[in-house]
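Note: the block below is entry.tsv and it holds TSV, C-alpha atoms.
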```
chain	number	residue	atom	x	y	z
A	5	MET	CA	-20.84	27.38	-2.35
A	6	THR	CA	-20.13	29.36	0.80
A	7	ASP	CA	-21.26	32.97	0.68
A	8	TYR	CA	-19.15	35.50	2.55
A	9	SER	CA	-21.67	38.33	2.46
A	10	ASP	CA	-20.49	41.44	4.24
A	11	GLY	CA	-22.49	44.47	3.17
A	12	PHE	CA	-19.90	45.69	0.66
A	13	ASP	CA	-20.63	46.20	-3.01
A	14	HIS	CA	-19.36	42.96	-4.54
A	15	ASP	CA	-19.69	44.39	-8.03
A	16	SER	CA	-16.54	46.34	-7.17
A	17	PRO	CA	-13.55	44.48	-8.71
A	18	ARG	CA	-11.43	45.16	-5.62
A	19	VAL	CA	-13.91	43.80	-3.07
A	20	ALA	CA	-14.97	40.90	-5.29
A	21	ALA	CA	-11.28	40.01	-5.62
A	22	VAL	CA	-10.97	39.83	-1.83
A	23	ASN	CA	-14.03	37.58	-1.69
A	24	TRP	CA	-12.52	35.19	-4.24
A	25	TRP	CA	-9.16	35.21	-2.49
A	26	ILE	CA	-10.80	34.28	0.83
A	27	ARG	CA	-12.71	31.42	-0.79
A	28	MET	CA	-9.50	30.01	-2.25
A	29	ARG	CA	-7.70	30.23	1.08
A	30	ALA	CA	-10.56	28.34	2.75
A	31	GLY	CA	-9.85	25.35	0.48
A	32	ALA	CA	-9.78	24.15	-3.09
A	33	LEU	CA	-12.62	25.48	-5.23
A	34	SER	CA	-15.13	23.04	-6.63
A	35	ALA	CA	-15.35	22.66	-10.39
A	36	ALA	CA	-18.40	24.93	-10.46
A	37	GLU	CA	-16.67	27.56	-8.30
A	38	LYS	CA	-13.54	27.40	-10.45
A	39	ALA	CA	-15.65	27.97	-13.58
A	40	GLU	CA	-17.41	30.90	-11.88
A	41	PHE	CA	-14.07	32.41	-10.89
A	42	ASP	CA	-12.62	32.00	-14.38
A	43	ALA	CA	-15.71	33.64	-15.90
A	44	TRP	CA	-15.53	36.55	-13.44
A	45	ARG	CA	-11.82	37.07	-14.11
A	46	ALA	CA	-12.26	36.97	-17.88
A	47	ALA	CA	-15.30	39.26	-17.89
A	48	ASP	CA	-13.31	42.44	-17.28
A	49	PRO	CA	-9.55	43.22	-17.27
A	50	ALA	CA	-10.20	45.23	-14.08
A	51	ASN	CA	-11.26	42.00	-12.34
A	52	ALA	CA	-8.05	40.19	-13.24
A	53	ALA	CA	-5.92	43.18	-12.25
A	54	ALA	CA	-7.74	43.54	-8.91
A	55	PHE	CA	-7.29	39.86	-8.07
A	56	ASP	CA	-3.60	39.84	-9.00
A	57	ASP	CA	-2.99	42.97	-6.92
A	58	MET	CA	-4.86	41.53	-3.93
A	59	ALA	CA	-3.05	38.19	-4.09
A	60	GLU	CA	0.29	39.98	-4.28
A	61	MET	CA	-0.50	42.29	-1.35
A	62	CYS	CA	-1.86	39.54	0.86
A	63	GLY	CA	1.00	37.23	0.00
A	64	PHE	CA	3.50	39.93	0.95
A	65	VAL	CA	1.82	40.60	4.32
A	66	GLU	CA	1.65	36.87	5.09
A	67	SER	CA	5.36	36.56	4.34
A	68	LEU	CA	6.03	38.90	7.26
A	69	ALA	CA	4.42	36.49	9.75
A	70	PRO	CA	6.70	34.31	11.99
A	71	SER	CA	7.69	30.98	10.47
A	72	ARG	CA	5.85	27.89	11.69
A	73	GLN	CA	8.39	25.35	10.41
A	74	ALA	CA	9.21	24.28	13.97
A	75	GLU	CA	5.78	22.67	14.39
A	76	PRO	CA	5.71	18.88	13.99
A	77	PRO	CA	4.19	17.63	10.72
A	78	ARG	CA	0.58	16.56	10.84
A	79	ALA	CA	-0.50	13.14	9.67
A	80	ALA	CA	-3.41	14.51	7.72
A	81	THR	CA	-4.72	17.81	6.55
A	82	ARG	CA	-8.23	19.03	6.20
A	83	ARG	CA	-10.04	22.07	4.88
A	84	PRO	CA	-9.49	24.91	7.39
A	85	SER	CA	-12.56	26.12	9.25
A	86	LEU	CA	-14.10	29.50	8.46
A	87	ALA	CA	-13.02	30.69	11.90
A	88	GLY	CA	-9.45	29.75	10.95
A	89	VAL	CA	-7.62	30.61	7.78
A	90	ALA	CA	-10.57	32.19	5.97
A	91	THR	CA	-11.53	34.59	8.73
A	92	ILE	CA	-7.94	35.60	9.39
A	93	ALA	CA	-7.55	36.15	5.66
A	94	ALA	CA	-10.75	38.20	5.69
A	95	ALA	CA	-9.48	40.40	8.49
A	96	LEU	CA	-6.15	40.87	6.76
A	97	CYS	CA	-7.25	41.43	3.19
A	98	LEU	CA	-10.40	43.42	3.80
A	99	ALA	CA	-8.37	45.69	6.04
A	100	ILE	CA	-6.01	46.16	3.12
A	101	ALA	CA	-8.75	46.58	0.52
A	102	VAL	CA	-10.95	48.93	2.49
A	103	GLY	CA	-8.03	50.64	4.19
A	104	PHE	CA	-6.48	51.70	0.91
A	105	GLY	CA	-9.88	52.95	-0.27
A	106	ASP	CA	-10.22	55.01	2.90
A	107	LEU	CA	-6.75	56.44	2.44
A	108	ALA	CA	-7.53	57.45	-1.14
A	109	THR	CA	-10.75	59.16	-0.02
A	110	TRP	CA	-8.96	60.93	2.83
A	111	LEU	CA	-6.30	62.23	0.45
A	112	ARG	CA	-8.96	63.65	-1.90
A	113	SER	CA	-11.03	65.24	0.86
A	114	ASP	CA	-10.94	68.61	2.62
A	115	ILE	CA	-13.35	67.58	5.37
A	116	TYR	CA	-13.25	64.00	6.65
A	117	ALA	CA	-15.14	62.22	9.42
A	118	GLY	CA	-13.69	58.84	10.33
A	119	VAL	CA	-15.41	55.71	11.54
A	120	GLY	CA	-17.63	56.52	14.53
A	121	ASP	CA	-16.86	60.24	14.27
A	122	ARG	CA	-19.52	62.80	13.31
A	123	LYS	CA	-18.21	66.26	12.48
A	124	SER	CA	-19.65	69.80	12.20
A	125	VAL	CA	-17.80	72.47	10.22
A	126	THR	CA	-18.51	76.11	9.35
A	127	LEU	CA	-17.24	76.94	5.86
A	128	GLU	CA	-15.54	80.20	4.83
A	129	ASP	CA	-18.82	81.56	3.44
A	130	GLY	CA	-20.68	80.95	6.71
A	131	SER	CA	-22.48	77.80	5.51
A	132	ARG	CA	-22.53	74.89	7.93
A	133	VAL	CA	-21.88	71.24	7.14
A	134	GLU	CA	-22.50	68.24	9.38
A	135	LEU	CA	-20.87	64.95	8.36
A	136	ASP	CA	-22.03	61.54	9.47
A	137	ALA	CA	-19.44	58.95	10.42
A	138	HIS	CA	-17.17	57.68	7.62
A	139	SER	CA	-17.99	60.58	5.29
A	140	ALA	CA	-15.85	62.95	3.22
A	141	ILE	CA	-16.22	66.18	1.26
A	142	ALA	CA	-13.95	68.03	-1.17
A	143	LEU	CA	-14.24	71.83	-1.54
A	144	HIS	CA	-13.90	73.72	-4.82
A	145	PHE	CA	-14.93	77.27	-3.96
A	146	GLU	CA	-14.62	79.66	-6.91
A	147	PRO	CA	-15.34	83.39	-7.34
A	148	GLY	CA	-18.68	82.71	-9.05
A	149	ARG	CA	-19.68	79.42	-7.48
A	150	ARG	CA	-19.43	77.48	-4.24
A	151	ARG	CA	-18.91	73.91	-5.41
A	152	LEU	CA	-18.47	70.88	-3.15
A	153	THR	CA	-18.23	67.15	-3.78
A	154	LEU	CA	-19.62	64.57	-1.39
A	155	LEU	CA	-17.09	61.79	-1.88
A	156	GLU	CA	-18.55	59.27	0.51
A	157	GLY	CA	-21.14	58.86	3.24
A	158	GLU	CA	-23.77	61.39	4.28
A	159	ALA	CA	-23.83	65.11	5.06
A	160	TRP	CA	-26.30	67.84	5.98
A	161	PHE	CA	-25.86	71.36	4.61
A	162	GLN	CA	-27.20	74.66	5.94
A	163	VAL	CA	-26.42	77.18	3.22
A	164	ALA	CA	-25.52	80.83	3.82
A	165	PRO	CA	-27.35	83.07	1.28
A	166	ASP	CA	-25.24	84.49	-1.56
A	167	ALA	CA	-27.13	85.08	-4.81
A	168	ALA	CA	-23.91	85.82	-6.67
A	169	ARG	CA	-22.34	82.47	-5.78
A	170	PRO	CA	-24.63	79.41	-6.14
A	171	PHE	CA	-24.04	76.59	-3.66
A	172	VAL	CA	-23.71	73.29	-5.54
A	173	VAL	CA	-23.01	69.83	-4.12
A	174	GLU	CA	-21.90	67.14	-6.56
A	175	ALA	CA	-22.57	63.51	-5.68
A	176	ALA	CA	-22.97	60.18	-7.52
A	177	GLY	CA	-22.64	61.78	-10.94
A	178	GLY	CA	-25.29	64.46	-10.39
A	179	SER	CA	-25.56	67.81	-8.63
A	180	VAL	CA	-27.77	69.49	-6.04
A	181	THR	CA	-28.08	73.29	-6.15
A	182	ALA	CA	-29.37	75.08	-3.06
A	183	LEU	CA	-32.31	77.43	-3.49
A	184	GLY	CA	-32.01	79.10	-0.08
A	185	THR	CA	-31.80	75.78	1.64
A	186	ALA	CA	-30.94	73.19	4.27
A	187	PHE	CA	-30.70	69.65	2.92
A	188	ASP	CA	-29.18	66.22	3.44
A	189	ILE	CA	-27.37	64.03	0.88
A	190	ALA	CA	-26.44	60.39	1.37
A	191	ILE	CA	-24.48	58.15	-1.02
A	192	ASP	CA	-25.23	54.43	-1.09
A	193	LYS	CA	-24.09	51.95	-3.75
A	194	GLY	CA	-23.53	54.59	-6.40
A	195	GLU	CA	-26.83	56.38	-5.80
A	196	ALA	CA	-27.37	59.70	-4.01
A	197	ARG	CA	-30.44	60.40	-1.89
A	198	VAL	CA	-31.34	64.04	-1.17
A	199	THR	CA	-33.73	65.08	1.60
A	200	VAL	CA	-34.74	68.75	1.88
A	201	THR	CA	-35.20	70.05	5.44
A	202	ALA	CA	-35.82	73.73	4.52
A	203	HIS	CA	-36.84	75.57	1.33
A	204	SER	CA	-35.89	73.66	-1.86
A	205	VAL	CA	-33.11	72.38	-4.11
A	206	ALA	CA	-32.65	71.79	-7.83
A	207	VAL	CA	-31.34	68.33	-8.70
A	208	ALA	CA	-29.63	67.70	-12.05
A	209	SER	CA	-28.71	64.19	-13.19
A	210	GLY	CA	-29.07	61.86	-16.14
A	211	GLY	CA	-29.66	64.77	-18.51
A	212	ASP	CA	-32.72	66.07	-16.64
A	213	SER	CA	-33.52	68.20	-13.58
A	214	VAL	CA	-36.17	68.41	-10.90
A	215	VAL	CA	-36.95	70.73	-7.97
A	216	VAL	CA	-37.31	69.06	-4.57
A	217	GLU	CA	-39.29	71.02	-2.00
A	218	GLU	CA	-39.05	71.11	1.79
A	219	GLY	CA	-40.13	67.86	3.42
A	220	ALA	CA	-39.53	65.81	0.27
A	221	GLN	CA	-36.89	63.36	-0.89
A	222	SER	CA	-35.50	62.24	-4.24
A	223	ALA	CA	-32.70	59.97	-5.45
A	224	PHE	CA	-30.46	59.95	-8.50
A	225	SER	CA	-27.33	58.50	-10.07
A	226	ALA	CA	-25.04	59.32	-12.97
A	227	GLU	CA	-27.10	57.25	-15.41
A	228	ARG	CA	-30.55	57.93	-13.99
A	229	ALA	CA	-32.48	61.17	-13.68
A	230	ALA	CA	-33.77	62.11	-10.25
A	231	ARG	CA	-36.96	60.29	-9.38
A	232	ALA	CA	-40.15	62.23	-8.66
A	233	PRO	CA	-39.94	63.78	-5.16
A	234	GLU	CA	-41.81	61.98	-2.38
A	235	THR	CA	-42.93	63.35	0.99
A	236	VAL	CA	-40.91	61.86	3.85
A	237	ASP	CA	-40.53	62.13	7.62
A	238	VAL	CA	-37.56	64.50	7.66
A	239	LYS	CA	-36.67	63.84	11.31
A	240	ARG	CA	-36.60	60.13	10.63
A	241	ALA	CA	-34.56	60.55	7.44
A	242	THR	CA	-31.94	62.62	9.27
A	243	ALA	CA	-31.97	60.73	12.57
A	244	TRP	CA	-28.19	60.23	12.29
A	245	ARG	CA	-27.77	63.89	13.28
A	246	ARG	CA	-29.24	62.97	16.68
A	247	GLY	CA	-27.10	59.85	17.01
A	248	ARG	CA	-29.85	57.44	15.99
A	249	LEU	CA	-29.92	54.76	13.30
A	250	ILE	CA	-33.44	53.84	12.17
A	251	PHE	CA	-34.11	50.78	10.03
A	252	GLU	CA	-37.47	49.65	8.75
A	253	ASN	CA	-37.61	46.20	7.17
A	254	LYS	CA	-34.03	46.45	5.90
A	255	PRO	CA	-31.92	43.37	5.02
A	256	LEU	CA	-29.31	42.47	7.63
A	257	GLY	CA	-26.43	42.95	5.18
A	258	GLU	CA	-27.50	46.56	4.57
A	259	VAL	CA	-27.90	47.19	8.30
A	260	LEU	CA	-24.42	45.85	9.06
A	261	ALA	CA	-22.95	48.09	6.37
A	262	ALA	CA	-24.58	51.11	8.04
A	263	LEU	CA	-23.37	50.06	11.49
A	264	GLY	CA	-19.90	49.60	10.03
A	265	ARG	CA	-19.63	53.37	9.60
A	266	HIS	CA	-19.85	53.69	13.37
A	267	ARG	CA	-17.76	50.73	14.51
A	268	ARG	CA	-14.07	50.02	13.99
A	269	GLY	CA	-13.57	46.57	12.55
A	270	TYR	CA	-15.69	44.29	10.42
A	271	VAL	CA	-18.96	42.45	10.97
A	272	TYR	CA	-20.08	39.87	8.43
A	273	CYS	CA	-23.27	37.91	8.01
A	274	ILE	CA	-22.62	34.43	6.65
A	275	GLY	CA	-24.96	32.90	4.11
A	276	GLU	CA	-27.59	34.43	1.86
A	277	ALA	CA	-30.46	33.43	4.17
A	278	SER	CA	-28.91	35.16	7.19
A	279	CYS	CA	-27.98	38.29	5.25
A	280	ALA	CA	-31.49	38.55	3.83
A	281	ARG	CA	-33.13	38.56	7.28
A	282	ARG	CA	-35.05	41.79	7.82
A	283	VAL	CA	-34.33	44.29	10.59
A	284	THR	CA	-36.64	46.95	12.05
A	285	GLY	CA	-35.60	49.11	14.97
A	286	VAL	CA	-34.04	52.26	16.39
A	287	PHE	CA	-30.43	51.95	17.53
A	288	ASP	CA	-27.85	54.16	19.23
A	289	ALA	CA	-25.18	55.07	16.67
A	290	GLU	CA	-22.73	55.75	19.50
A	291	ASN	CA	-23.14	52.21	20.85
A	292	PRO	CA	-22.93	49.91	17.81
A	293	ALA	CA	-21.87	46.97	20.00
A	294	GLN	CA	-25.21	47.11	21.82
A	295	ALA	CA	-27.01	47.42	18.49
A	296	LEU	CA	-25.30	44.24	17.28
A	297	ARG	CA	-26.30	42.40	20.48
A	298	GLU	CA	-29.92	43.48	20.04
A	299	ILE	CA	-29.97	42.42	16.39
A	300	GLU	CA	-28.32	39.11	17.25
A	301	ALA	CA	-30.96	38.39	19.91
A	302	PHE	CA	-33.93	39.60	17.85
A	303	LEU	CA	-33.03	37.53	14.79
A	304	GLY	CA	-31.87	34.52	16.77
A	305	LEU	CA	-28.38	34.65	15.30
A	306	ARG	CA	-25.08	33.48	16.75
A	307	ALA	CA	-21.99	35.68	16.83
A	308	ILE	CA	-18.43	34.41	16.50
A	309	HIS	CA	-15.96	36.94	17.88
A	310	VAL	CA	-12.78	36.03	16.02
A	311	THR	CA	-11.13	39.19	17.38
A	312	ASP	CA	-12.43	42.49	18.74
A	313	TYR	CA	-12.36	43.72	15.15
A	314	LEU	CA	-13.90	40.75	13.36
A	315	ILE	CA	-17.36	39.37	14.18
A	316	LEU	CA	-19.30	36.77	12.18
A	317	LEU	CA	-23.09	36.49	12.43
A	318	HIS	CA	-24.84	33.34	11.28
A	319	GLY	CA	-28.22	31.67	11.70
```

Take the structure in the file and give it back as structure tokens.
Amino acid sequence: MTDYSDGFDHDSPRVAAVNWWIRMRAGALSAAEKAEFDAWRAADPANAAAFDDMAEMCGFVESLAPSRQAEPPRAATRRPSLAGVATIAAALCLAIAVGFGDLATWLRSDIYAGVGDRKSVTLEDGSRVELDAHSAIALHFEPGRRRLTLLEGEAWFQVAPDAARPFVVEAAGGSVTALGTAFDIAIDKGEARVTVTAHSVAVASGGDSVVVEEGAQSAFSAERAARAPETVDVKRATAWRRGRLIFENKPLGEVLAALGRHRRGYVYCIGEASCARRVTGVFDAENPAQALREIEAFLGLRAIHVTDYLILLHG
């Protein structure tokens, strides 16, 4: 079975639906693949709804393409290559799937940094927020509380003191309350990671709470209480603020997902073995194309440039 790994969370019904749609467009599914698809579709009504919506959207967009009836008939047909129908379908449908998600996030946000665009904003209370690329925040300031929600991505907060109005950032089903603080929060696959760069914060999640001191890091999710704080290299953990992306023994799929926040278009690694290759290095966030070339050379991969916005890496 071909694996179209791409760094996205394939547990998401929407993205998994795109993956299945691409496989079908690449050719008839084997009996085992058909059984896997049927099981996935039946496992959750959200899966079936996501696939039906994706097929309808992609079918509509394809219907807008110029007709090819004038071409002479071919004597024989064969399964289209990955660089043909499947990759064009990937470009089309992932643009739809991710694009609609981006639009929904943008509509919910008050501060938004697009792909490849870091942003620094001073809030009405004098606090400062720096957003990494492809990140979004919603503001809910109230008379007795300064509440924000990190919707996506990563942000660093430098909080203006105001004992009468606590500064609280909600993320991944938990909350981080500043205790006279500067801190960083990143969301990845439903989990939030908080790194304290000055003073301390109180983290509440999963029915419990913990205080994270300066120079330490913790992580949490809606179902899981914050883990015990660990000492970290703060400059390394917040290297994105200086335009650097640092990876240490990270799988290629995860690295490509991070680079995707800084590059317009899509980069996929093909095959489980390729996507599991480990990457260590320091890269320029403002030059993701060079980072991809360095990774390609270091891992001995080949790149197929289907378009300027769609690149496939394989071993």

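Straight-line separation from atom CA of A:Leu135 to atom CA of A:Pro233: 23.4 Å.
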
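Atom CA of A:Ala117 is positioned 23.1 Å from atom CA of A:Thr181.
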
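Here atom CA of A:Pro147 is placed at a distance of 11.5 Å from atom CA of A:Asp129.
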
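Counting all atoms listed in the file and comparing A:Ala20, A:Arg267, A:Gly177, A:Ala159, the residue that lies closest to A:Leu296 is A:Arg267.
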
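The smallest atom-to-atom distance between A:Asp136 and any of A:Pro165, A:Gly247, A:Gly210, A:Gly178, using only C-alpha atoms, is found for A:Gly247.
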
Query raised in the report: Could you pull the residues within 12 Å of A:Arg231, counting only C-alpha atoms, minus those fewer than 3 positions along the same chain, as a VMD selection string?
Result: chain A and resid 195 to 198 207 to 210 212 to 216 220 to 225 227 to 228 234

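Look at stretch 288-290 of chain A: the protein and nucleic acid residues within 10 Å of it, using only C-alpha atoms and passing over chain neighbours fewer than 3 places away, are Gly120, Asp121, Arg122, Ala137, Ala243, Trp244, Arg245, Arg246, Gly247, Arg248, Leu249, Ile250, Ala262, Leu263, Arg265, His266, Arg267, Ala293, Gln294 and Ala295 of chain A.
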
Write out as a compact mmCIF listing (two decimals) with C-alpha atoms, in the frame of the given file each polymer residue whose atoms come within 10 Å of A:Arg149, counting only C-alpha atoms; drop sequence neighbours fewer than 6 positions from it.
```
# COMPACT_ATOMS: atom_id res chain seq x y z
CA ASP A 166 -25.24 84.49 -1.56
CA ALA A 167 -27.13 85.08 -4.81
CA ALA A 168 -23.91 85.82 -6.67
CA ARG A 169 -22.34 82.47 -5.78
CA PRO A 170 -24.63 79.41 -6.14
CA PHE A 171 -24.04 76.59 -3.66
CA VAL A 172 -23.71 73.29 -5.54
```

Requested in this report: Find the residues near A:Leu260: any atom within 8 Å, counting all atoms listed in the file, skip ones fewer than 2 places away on the same chain, and give them as a count of residues only.
Outcome: 10

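Look at A:Arg268: the protein and nucleic acid residues within 10 Å of it, using all atoms listed in the file and passing over chain neighbours fewer than 6 places away, are A:Gly118, A:Val119, A:Gly120, A:Pro292, A:Asp312, A:Tyr313, A:Leu314.
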
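Using only C-alpha atoms, the smallest distance between any of A:Ala108, A:Leu317, A:Ala202, A:Ala164 and A:Ala277 comes from A:Leu317.
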
Query raised in the report: Looking at A:Val283, A:Ala35, A:Ala140, A:Ala59, which one is nearest to A:Ala301, with distances taken over only C-alpha atoms?
Result: A:Val283
